[in-house]
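Take a look at the structure set out below.
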Amino acid sequence: MTPGRGPSWPQVLGLVLSALGAAACGAAPVQFPLKDPLWVDPDRRPFAAEPEEYFSPFAWDGADQMVFRPISRFFAVDPAGEAVNVNAFDEPPSSSWFYHRIGRYGMTPAQVAKSSCTTPLPDAEKTWTVIGAKPNGFNPGFLLKASDGQRYLAKFDGVVQGPRATAADVIGSRIYHAAGYYVPCNRIIHFRRDILVYDPKAKGENEKGDKEPLSDKHLDKVFDKALRLPDGRYRANLSLFVEGKPIGPWTYQGTRSDDPNDIIPHEDRRELRGMEVLAAWTDHFDSREQNTLAAFIKAPPGGYVRHYMIDFGDTFGSIWEPPMLGRRIGHAYYLDFGYLFEDFFTLGLIERRWDTVRFGKTERVFGYYDIETFDPDNYKPGYPNPAFGRKSERDAAWMARILARFSDAHIRAMVDASQMGDRLGDELVRLLRGRRDKILRRYLTRLSPLAWPKVERRGAAAALCLEDMAVVGGVVTKAERGYRARAWLGEDRTPALLNTPALNEGSWACVGLPALPGASTSAPEYLIVDVVATSGSQRTAPARAHLYHLGGTDYRVVGLERPSNDDPPG
């Protein structure tokens, strides 16, 4: 991205984005605040025709991603480029897929712990009505209408890994929500079975798979696998039904033909590509389309589609049988042809990372979820994910900059929300911190970690300031950090040296901006500023800010790039 000359460049880009949205959606009025097209994607324009429900068979999706898609990609000529939905500041705008939260604005630990929940928990001393069986998934559960009149999905832990599954759903949803994704409100609750009654219309399946009225014999199968407390209550994750009408999962590739707002191939969206880093942090190996949900949100003249992430119960060390398969989780696909061929030709003599992994301090609870064998570069979900497979260094670094905002206090608040107790909670905090730190060291030390450029007026001068996310995330300290800067001025891009910037106000690096003779509001002058972060002999690639000088101390930042080398702007 190299902006052209003239002060209207960002506005022109915004108008283009708006025009694309208008062309896709017709003349329906905008029902959301479109204050800045650079930061708000117009993909929430209401349209009249409600999309059809999409069903995603687990077996077919697995076979497609593990066998058929790799074969078809082998013969395709389609080199993965960069994500196409980033704005002039190297960020995806807020949309029906992603909403800027902790990464751009910051959040308190209490806000992160609250997640998407806006209502109190239902009263567990009043009657709850069971309205259906849990439709799918590994952990047992059922659908209910609670005493507050809201509909929930109640999910339980099983008898193998203690409270891990319900805790994982609660913590995982908080991590993804804070990072920017749409998730259900998941909370821990304890209740007695005798508060449950059955809706006469509720159905369950018998041994033959036929539908029949729901009864105790169906719930017995659930409660036999549920974690029961000494006082007779059961521990559950109560997941509030999401807003909107569910229309099935969304996919990690292609577009939806019956959604006129869906014009960007999903595999080329930064928020889906970069999500692999989040999956690696939490070991969300079950990142497949069946654990997503598209919902139709009503808005005149019809509505629009919102895209949710759901079901995080596999995170933080879900174990599988046989043990060798469980140890491979996060390191290899279920069916990994690369490793299969290597083992075949070497007679299995190559030692893999998972060969020596063992249970940690909590034994089965967090299974093989560890720090020692975790490698951010080589993390793999259960089977190939089309968006993850196209992740670039820039996509991963984008997510790492978001993760840098997750402090130890944020992690502690999220873990405390899972009500696991001190021993298990302390261990999970340690594991999350260790894996976070590995991710930040990997992705914030190559491309520039400098972000969120702004201009500050300082007396008769002005300075360009950028936030150093490597300092925010603790990868380096303020004392270790140094910066160098250079600029290119005017239309002919004359090189110029700038004053060495210094850390200011904690994690911010600032550099004085040069005055360009003749610059004014009516005749702005264009300049480019590169800022390089150093730590001893180590340095990152530059952050390249694009600005206009409008005279005096009036400057406008109109873009930010992260080149992979020091070459001058083209």
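Each chain of the structure tokens is named A, B, ... in the order shown, its residues numbered from 1; ligands are numbered from 1 in display order.
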Those of stretch 79-245 of chain A in DSSP alpha helix (DSSP H), formatted as an MDAnalysis selection string: chainID A and resid 102:105 109:114 164:179 216:223
The selected residues should be written to file as a PDB file, in the first residue's frame (atoms: C-alpha atoms).
```pdb
ATOM      1  CA  ILE A 102      -9.124  -5.581  23.461  1.00  0.00           C
ATOM      2  CA  GLY A 103      -6.689  -5.251  20.551  1.00  0.00           C
ATOM      3  CA  ARG A 104      -7.674  -1.705  19.632  1.00  0.00           C
ATOM      4  CA  TYR A 105      -9.398  -0.292  22.706  1.00  0.00           C
ATOM      5  CA  PRO A 109      -9.861  -7.871  33.482  1.00  0.00           C
ATOM      6  CA  ALA A 110     -13.448  -7.531  34.733  1.00  0.00           C
ATOM      7  CA  GLN A 111     -14.690  -6.708  31.231  1.00  0.00           C
ATOM      8  CA  VAL A 112     -12.867  -9.697  29.762  1.00  0.00           C
ATOM      9  CA  ALA A 113     -14.290 -11.975  32.462  1.00  0.00           C
ATOM     10  CA  LYS A 114     -17.817 -10.702  31.742  1.00  0.00           C
ATOM     11  CA  ARG A 164     -11.926 -29.207  32.129  1.00  0.00           C
ATOM     12  CA  ALA A 165     -14.683 -29.313  29.472  1.00  0.00           C
ATOM     13  CA  THR A 166     -17.043 -26.801  31.102  1.00  0.00           C
ATOM     14  CA  ALA A 167     -14.124 -24.604  32.158  1.00  0.00           C
ATOM     15  CA  ALA A 168     -12.772 -24.711  28.610  1.00  0.00           C
ATOM     16  CA  ASP A 169     -16.084 -23.535  27.163  1.00  0.00           C
ATOM     17  CA  VAL A 170     -16.235 -20.654  29.638  1.00  0.00           C
ATOM     18  CA  ILE A 171     -12.594 -19.537  29.268  1.00  0.00           C
ATOM     19  CA  GLY A 172     -12.377 -20.180  25.536  1.00  0.00           C
ATOM     20  CA  SER A 173     -15.446 -18.050  24.832  1.00  0.00           C
ATOM     21  CA  ARG A 174     -13.929 -15.213  26.878  1.00  0.00           C
ATOM     22  CA  ILE A 175     -10.638 -15.360  25.017  1.00  0.00           C
ATOM     23  CA  TYR A 176     -12.307 -15.335  21.607  1.00  0.00           C
ATOM     24  CA  HIS A 177     -14.763 -12.617  22.609  1.00  0.00           C
ATOM     25  CA  ALA A 178     -12.051 -10.294  23.920  1.00  0.00           C
ATOM     26  CA  ALA A 179      -9.963 -10.943  20.806  1.00  0.00           C
ATOM     27  CA  ASP A 216     -35.814 -39.504  32.659  1.00  0.00           C
ATOM     28  CA  LYS A 217     -34.280 -42.345  30.682  1.00  0.00           C
ATOM     29  CA  HIS A 218     -32.860 -39.848  28.189  1.00  0.00           C
ATOM     30  CA  LEU A 219     -31.443 -37.521  30.841  1.00  0.00           C
ATOM     31  CA  ASP A 220     -30.047 -40.466  32.803  1.00  0.00           C
ATOM     32  CA  LYS A 221     -27.519 -40.857  29.999  1.00  0.00           C
ATOM     33  CA  VAL A 222     -26.509 -37.229  30.489  1.00  0.00           C
ATOM     34  CA  PHE A 223     -26.286 -37.197  34.273  1.00  0.00           C
TER      35      PHE A 223
END
```
Residue contacts of A:Ala83 (8 Å, only C-alpha atoms) excluding same-chain residues fewer than 2 positions away, as an MDAnalysis selection string: chainID A and resid 81 85:86 268:270 273 395
Selected residues written out, C-alpha atoms, as a short mmCIF file (atom, residue, chain, number, x, y, z; two decimals), in the first residue's frame:
```cif
data_model
loop_
_atom_site.label_atom_id
_atom_site.label_comp_id
_atom_site.auth_asym_id
_atom_site.auth_seq_id
_atom_site.Cartn_x
_atom_site.Cartn_y
_atom_site.Cartn_z
CA GLY A 81 -1.50 -14.00 -1.19
CA ASN A 85 -10.00 -7.33 3.87
CA VAL A 86 -7.42 -5.16 5.65
CA ASP A 268 -8.86 -14.60 2.49
CA ARG A 269 -10.26 -12.88 5.59
CA ARG A 270 -7.54 -11.85 8.06
CA ARG A 273 -6.50 -16.70 8.93
CA ASP A 395 -1.95 -12.46 9.61
#
```
Which of stretch 431-553 of chain A fall in strand (DSSP E or B), as a PyMOL selection string: chain A and resi 450-458+461-468+481-489+494-497+502-504+508-512+525-535+538-539+543-549
Go through stretch 316-403 of chain A and flag each residue having an atom no more than 12 Å from stretch 475-483 of chain A; for those, report the closest pair of atoms plus their distance in Å to one decimal, using only C-alpha atoms, ordered by chain and rising number, as CSV.
```
residue,atom,partner,partner_atom,distance
A:Ala400,CA,A:Val475,CA,11.3
A:Arg401,CA,A:Val475,CA,11.3
A:Leu403,CA,A:Val475,CA,11.8
```
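If you look at atom CA of A:Pro184 and atom CA of A:Pro200, they are 27.1 Å away from each other.
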Quick one: contact table of stretch 93-123 of chain A to stretch 240-253 of chain A, 12 Å max, nearest atom pair and distance in Å to one decimal per residue, counting only C-alpha atoms, chain and number order, as CSV?
```
residue,atom,partner,partner_atom,distance
A:Trp97,CA,A:Trp250,CA,10.5
A:Ser116,CA,A:Val242,CA,9.9
A:Cys117,CA,A:Leu240,CA,8.6
A:Thr118,CA,A:Leu240,CA,10.5
A:Thr119,CA,A:Leu240,CA,9.9
A:Pro120,CA,A:Leu240,CA,11.1
A:Leu121,CA,A:Leu240,CA,9.7
A:Pro122,CA,A:Leu240,CA,10.5
```
Nearby residues (only C-alpha atoms) at most 9 Å from A:Thr362, same-chain spacing under 5 positions excluded, as a list in words: Gly367, Arg423, Leu424 and Glu427 of chain A
Contact residues around A:Arg436 with only C-alpha atoms at 12 Å, ignoring same-chain residues under 5 positions, as a PyMOL selection string: chain A and resi 175+277-283+370-371+374-376+399-408+411+428-431+441-444+473-475
Exercise: A:Asp336 partners within 12 Å, only C-alpha atoms, chain neighbours under 3 positions left out, as a list in words: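 In the requested form, the answer reads Gln65, Met66, Val67, Pro70, Leu325, Arg328, Ile329, Gly330, His331, Ala332, Tyr333, Tyr339, Leu340, Phe341, Glu342, Asp343, Lys380, Pro381, Gly382, Tyr383 and Pro384 of chain A.
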Could the residues in this selection be written to a file with N, CA and C atoms, as a PDB file, in the first residue's frame?
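Once everything was written out, this is part.pdb:
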```
ATOM      1  N   GLN A  65     -11.683 -31.994   3.842  1.00  0.00           N
ATOM      2  CA  GLN A  65     -10.503 -31.216   4.237  1.00  0.00           C
ATOM      3  C   GLN A  65      -9.243 -32.063   4.332  1.00  0.00           C
ATOM      4  N   MET A  66      -9.374 -33.333   4.687  1.00  0.00           N
ATOM      5  CA  MET A  66      -8.185 -34.176   4.868  1.00  0.00           C
ATOM      6  C   MET A  66      -7.753 -34.888   3.587  1.00  0.00           C
ATOM      7  N   VAL A  67      -8.711 -35.152   2.678  1.00  0.00           N
ATOM      8  CA  VAL A  67      -8.389 -35.963   1.490  1.00  0.00           C
ATOM      9  C   VAL A  67      -8.647 -35.199   0.197  1.00  0.00           C
ATOM     10  N   PRO A  70      -6.974 -31.402  -0.176  1.00  0.00           N
ATOM     11  CA  PRO A  70      -5.527 -31.405  -0.429  1.00  0.00           C
ATOM     12  C   PRO A  70      -5.163 -31.911  -1.819  1.00  0.00           C
ATOM     13  N   LEU A 325      -2.879 -41.281  19.854  1.00  0.00           N
ATOM     14  CA  LEU A 325      -3.657 -40.299  19.103  1.00  0.00           C
ATOM     15  C   LEU A 325      -3.807 -39.030  19.917  1.00  0.00           C
ATOM     16  N   ARG A 328      -0.840 -36.698  19.811  1.00  0.00           N
ATOM     17  CA  ARG A 328      -0.609 -36.031  18.529  1.00  0.00           C
ATOM     18  C   ARG A 328      -1.440 -34.754  18.377  1.00  0.00           C
ATOM     19  N   ILE A 329      -2.483 -34.606  19.212  1.00  0.00           N
ATOM     20  CA  ILE A 329      -3.383 -33.460  19.076  1.00  0.00           C
ATOM     21  C   ILE A 329      -2.587 -32.162  19.169  1.00  0.00           C
ATOM     22  N   GLY A 330      -2.791 -31.277  18.210  1.00  0.00           N
ATOM     23  CA  GLY A 330      -2.081 -30.002  18.168  1.00  0.00           C
ATOM     24  C   GLY A 330      -0.769 -30.064  17.417  1.00  0.00           C
ATOM     25  N   HIS A 331      -0.251 -31.277  17.204  1.00  0.00           N
ATOM     26  CA  HIS A 331       1.030 -31.441  16.500  1.00  0.00           C
ATOM     27  C   HIS A 331       0.855 -31.982  15.080  1.00  0.00           C
ATOM     28  N   ALA A 332      -0.217 -32.714  14.844  1.00  0.00           N
ATOM     29  CA  ALA A 332      -0.433 -33.342  13.540  1.00  0.00           C
ATOM     30  C   ALA A 332      -1.922 -33.443  13.274  1.00  0.00           C
ATOM     31  N   TYR A 333      -2.282 -33.511  11.991  1.00  0.00           N
ATOM     32  CA  TYR A 333      -3.672 -33.748  11.641  1.00  0.00           C
ATOM     33  C   TYR A 333      -4.053 -35.185  12.005  1.00  0.00           C
ATOM     34  N   TYR A 339       3.514 -36.714   7.484  1.00  0.00           N
ATOM     35  CA  TYR A 339       4.127 -37.578   8.498  1.00  0.00           C
ATOM     36  C   TYR A 339       4.005 -39.055   8.116  1.00  0.00           C
ATOM     37  N   LEU A 340       2.888 -39.424   7.484  1.00  0.00           N
ATOM     38  CA  LEU A 340       2.712 -40.819   7.073  1.00  0.00           C
ATOM     39  C   LEU A 340       3.807 -41.238   6.089  1.00  0.00           C
ATOM     40  N   PHE A 341       4.058 -40.396   5.100  1.00  0.00           N
ATOM     41  CA  PHE A 341       5.089 -40.736   4.112  1.00  0.00           C
ATOM     42  C   PHE A 341       6.480 -40.773   4.743  1.00  0.00           C
ATOM     43  N   GLU A 342       6.766 -39.809   5.619  1.00  0.00           N
ATOM     44  CA  GLU A 342       8.069 -39.800   6.294  1.00  0.00           C
ATOM     45  C   GLU A 342       8.256 -41.071   7.124  1.00  0.00           C
ATOM     46  N   ASP A 343       7.233 -41.444   7.877  1.00  0.00           N
ATOM     47  CA  ASP A 343       7.343 -42.641   8.711  1.00  0.00           C
ATOM     48  C   ASP A 343       7.474 -43.903   7.867  1.00  0.00           C
ATOM     49  N   LYS A 380      -0.988 -27.584  14.561  1.00  0.00           N
ATOM     50  CA  LYS A 380      -1.957 -28.062  13.580  1.00  0.00           C
ATOM     51  C   LYS A 380      -3.266 -28.418  14.272  1.00  0.00           C
ATOM     52  N   PRO A 381      -4.400 -28.007  13.695  1.00  0.00           N
ATOM     53  CA  PRO A 381      -5.696 -28.444  14.229  1.00  0.00           C
ATOM     54  C   PRO A 381      -5.952 -29.897  13.860  1.00  0.00           C
ATOM     55  N   GLY A 382      -7.142 -30.404  14.183  1.00  0.00           N
ATOM     56  CA  GLY A 382      -7.444 -31.807  13.905  1.00  0.00           C
ATOM     57  C   GLY A 382      -7.334 -32.168  12.443  1.00  0.00           C
ATOM     58  N   TYR A 383      -7.877 -31.310  11.587  1.00  0.00           N
ATOM     59  CA  TYR A 383      -7.664 -31.519  10.153  1.00  0.00           C
ATOM     60  C   TYR A 383      -7.525 -30.171   9.461  1.00  0.00           C
ATOM     61  N   PRO A 384      -6.991 -30.166   8.250  1.00  0.00           N
ATOM     62  CA  PRO A 384      -6.662 -28.894   7.598  1.00  0.00           C
ATOM     63  C   PRO A 384      -7.842 -27.934   7.553  1.00  0.00           C
TER      64      PRO A 384
END
```
Shell of 10 Å around stretch 554-566 of chain A, only C-alpha atoms, local chain residues under 2 positions omitted, as number ranges by chain: A: 1-3, 7-11, 87-91, 393-394, 446-457, 461-464, 513, 515, 519-521, 524-530, 532, 540-552, 568-569
Among the residues A:Arg235, A:Arg101, A:Arg45, A:Lys203, the one that comes closest to A:Ala154 [using only C-alpha atoms]: A:Arg235
d(atom CA of A:Ile319, atom CA of A:Gln161) in Å: 8.3 Å
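Proximity ranking of A:Ala294, A:Lys361, A:Ala487, A:Gly570 relative to A:Asp259 places A:Ala294 first, based on only C-alpha atoms.
With only C-alpha atoms as the atoms that count, the minimum distance from A:Arg539 to the choices A:Met414, A:Leu214, A:Ile263, A:Ala470 is reached by A:Ala470.
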Please list as a compact mmCIF listing (two decimals) with all heavy atoms, in the first residue's frame every residue within 8 Å of A:Arg288, counting only C-alpha atoms and excluding residues in the same chain fewer than 2 positions away.
```txt
# COMPACT_ATOMS: atom_id res chain seq x y z
N TYR A 252 -15.08 -22.10 6.28
CA TYR A 252 -13.79 -21.42 6.28
C TYR A 252 -13.25 -21.19 4.86
O TYR A 252 -12.10 -20.82 4.69
CB TYR A 252 -12.76 -22.24 7.07
CG TYR A 252 -12.91 -22.10 8.57
CD1 TYR A 252 -13.70 -22.99 9.30
CD2 TYR A 252 -12.26 -21.09 9.26
CE1 TYR A 252 -13.83 -22.88 10.68
CE2 TYR A 252 -12.39 -20.96 10.64
CZ TYR A 252 -13.17 -21.86 11.34
OH TYR A 252 -13.30 -21.74 12.70
N ASP A 286 -10.26 -28.42 17.48
CA ASP A 286 -11.52 -28.72 16.81
C ASP A 286 -12.06 -27.49 16.08
O ASP A 286 -13.27 -27.25 16.06
CB ASP A 286 -12.54 -29.22 17.85
CG ASP A 286 -13.56 -30.18 17.24
OD1 ASP A 286 -13.31 -30.70 16.15
OD2 ASP A 286 -14.61 -30.39 17.87
N GLN A 290 -18.20 -27.12 11.84
CA GLN A 290 -19.30 -27.54 12.70
C GLN A 290 -19.31 -26.79 14.03
O GLN A 290 -20.33 -26.79 14.73
CB GLN A 290 -19.23 -29.05 12.97
CG GLN A 290 -19.64 -29.93 11.80
CD GLN A 290 -18.51 -30.08 10.79
OE1 GLN A 290 -17.38 -29.66 11.05
NE2 GLN A 290 -18.79 -30.69 9.66
N ASN A 291 -18.20 -26.18 14.41
CA ASN A 291 -18.15 -25.39 15.64
C ASN A 291 -18.26 -23.89 15.35
O ASN A 291 -17.67 -23.06 16.05
CB ASN A 291 -16.87 -25.70 16.42
CG ASN A 291 -16.95 -27.06 17.07
OD1 ASN A 291 -18.02 -27.54 17.41
ND2 ASN A 291 -15.81 -27.70 17.24
N THR A 292 -18.99 -23.56 14.32
CA THR A 292 -19.34 -22.18 13.98
C THR A 292 -20.85 -22.10 13.85
O THR A 292 -21.53 -23.13 13.75
CB THR A 292 -18.68 -21.73 12.67
OG1 THR A 292 -19.29 -22.44 11.56
CG2 THR A 292 -17.18 -22.02 12.66
N ASN A 385 -7.55 -26.68 7.87
CA ASN A 385 -8.54 -25.62 7.84
C ASN A 385 -8.19 -24.69 6.68
O ASN A 385 -7.07 -24.19 6.61
CB ASN A 385 -8.51 -24.86 9.17
CG ASN A 385 -9.49 -23.71 9.25
OD1 ASN A 385 -9.49 -22.81 8.42
ND2 ASN A 385 -10.33 -23.74 10.28
```
Atom CA of A:Gly162 to atom CA of A:Arg364, straight-line distance in Å: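 Here the two named atoms are 8.1 Å from each other.
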